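Asker: Provided herewith is a single structure, encoded as structure tokens, for subsequent inquiry.
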Amino acid sequence: MKLSNYKTNNPVFSGYFWEDQKRSSKKMTVLGIFFKSLFCILVIAGITGYVWKLSEDGISVRWFTLGGMLGAIVISVIISVRRHWAPMLVPIYTIAKGFFLGGFSAYAHKNFPELPYQAIGVTIVTFFIMLLLYQTRIIVVTKKLRSVIITSAISIMVVYLISWILSFFGIKSYLWGTSWFAIVFNCIAAIVASFSLLLDFDYIERYKNRAPKWKEWLATWGLLATLVWLYVETLRLMQKLAIRF
């Protein structure tokens with residue numbers, strides 16, 4: 001069974017963007033993805049720092065957080081159906097993520113000053129550990145593992161979506177509390193996010209020097225989405241543990 005035959009509604013994990021009937025002289029390279037990812041990460045860091053500074057100056061950044069989150073979601077949906085727009089949309093997605101992370105991190109910093117830095121450190125270390133495990137083939141991305149990761153990620157996203165919708169009706173989900181159930185769920189989400197990095201590495205390795213050059217932006221989008229998800233889950237978990245203990 002080919003990866004492209006596995007149906008999923010999650011645009012980050014879908015394999016559709018690796019398939020293209022058009023031929024291009026320039027192909028996707030690891031170096032190209034690296035520089036694009038580095039550029040996007042620096043942009044996110046810059047915007048995050050700016051929003052963080054606004055928060056410290058006493059300015060409410062709630063709308064930055066909400067707007068960034070909704071903007072990133074909308075842009076992701078557009079990219080999933082208009083993949084050729086990725087070179088233009090991924091930088092905009094990066095800006096939206098910067099605003100979201102700025103507000104999200106500022107809130108955590110206000111209550112727990114050291115946690116955002118620790119979460120960044122954990123995210124970076126996790127990235128390189130998963131890369132090492134993948135490169136040394138200690139963990140091999142098989143069809144079964146790929147299906148389990150994709151299914152788990154989609155399930156977690158659906159639970160979050162339902163919980164978010166219920167919050168508009170005044171129904172508070174267990175996900176936002178500090179119960180052991182909420183903590184365990186957060187742990188599972190963080191683990192799935194870290195294992196999702198393996199899928200990104202696998203996609204890049206299998207299609208480097210084969211896919212058209214513009215699809216480097218799609219690979220960058222996938223990496224950014226996974227890294228941001230991992231950071232958010234890590235920071236939320238640290239906050240819950242800090243509150244509980």
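By order in the structure tokens, chains are A, B, ...; within a chain, residues start at 1; ligands start at 1, following the order shown.
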List the neighbours of segment 98-105 of chain A out to 10 Å using only C-alpha atoms; skip same-chain residues closer than 2 positions along the sequence, and give me the result as a PyMOL selection string.
Answerer: chain A and resi 40-55+60-72+92-96+107-110+112-113+115-117+119+228+231-232+235-236
Asker: Per DSSP on the backbone, what are the alpha helix (DSSP H) residues of segment 2-177 of chain A, as a ChimeraX atom specification?
Answerer: /A:30-56,62-81,86-111,115-135,143-167
Asker: From the options A:Val159, A:Ile183, A:Val122, A:Val192, which residue's atoms come nearest to Ala242 of chain A, counting only C-alpha atoms?
Answerer: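 Ranked by minimum distance to Ala242 of chain A, first place goes to A:Ile183.
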Asker: Measuring atom to atom with only C-alpha atoms, identify which of A:Tyr160, A:Ala211, A:Phe185, A:Ser25 is nearest to Lys172 of chain A.
Answerer: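 Among A:Tyr160, A:Ala211, A:Phe185, A:Ser25, it is A:Tyr160 that comes nearest to Lys172 of chain A.
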Asker: Of the candidates A:Arg146, A:Lys27, A:Arg244, A:Arg137, which one gets nearest to Trp214 of chain A if we count only C-alpha atoms?
Answerer: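 Counting only C-alpha atoms, the residue closest to Trp214 of chain A is A:Lys27.
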Asker: Calculated over only C-alpha atoms, which of the candidates A:Ile78, A:Leu227, A:Leu166, A:Ala86 has the smallest distance to Gly121 of chain A?
Answerer: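 Ranked by minimum distance to Gly121 of chain A, first place goes to A:Leu227.
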Asker: For a test of reading the model, state the distance in Å between atom CA of Ser37 of chain A and atom CA of Pro91 of chain A, rounded to one decimal.
Answerer: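 Between these atoms lies a distance of 10.2 Å.
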Asker: Quick one: of A:Phe181, A:Trp217, A:Tyr203, A:Trp229, who's nearest to Tyr134 of chain A, counting only C-alpha atoms?
Answerer: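 The shortest atom-to-atom distance to Tyr134 of chain A comes from A:Tyr203.
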Asker: Of the residues A:Ile75, A:Leu31, A:Leu132, A:Leu197, which is the one nearest to Thr226 of chain A, using only C-alpha atoms?
Answerer: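 Of A:Ile75, A:Leu31, A:Leu132, A:Leu197, the one nearest Thr226 of chain A, counting only C-alpha atoms, is A:Leu197.
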Asker: Have a look at atom CA of Thr29 of chain A and atom CA of Lys208 of chain A and let me know their distance in Å, one decimal.
Answerer: 5.2 Å
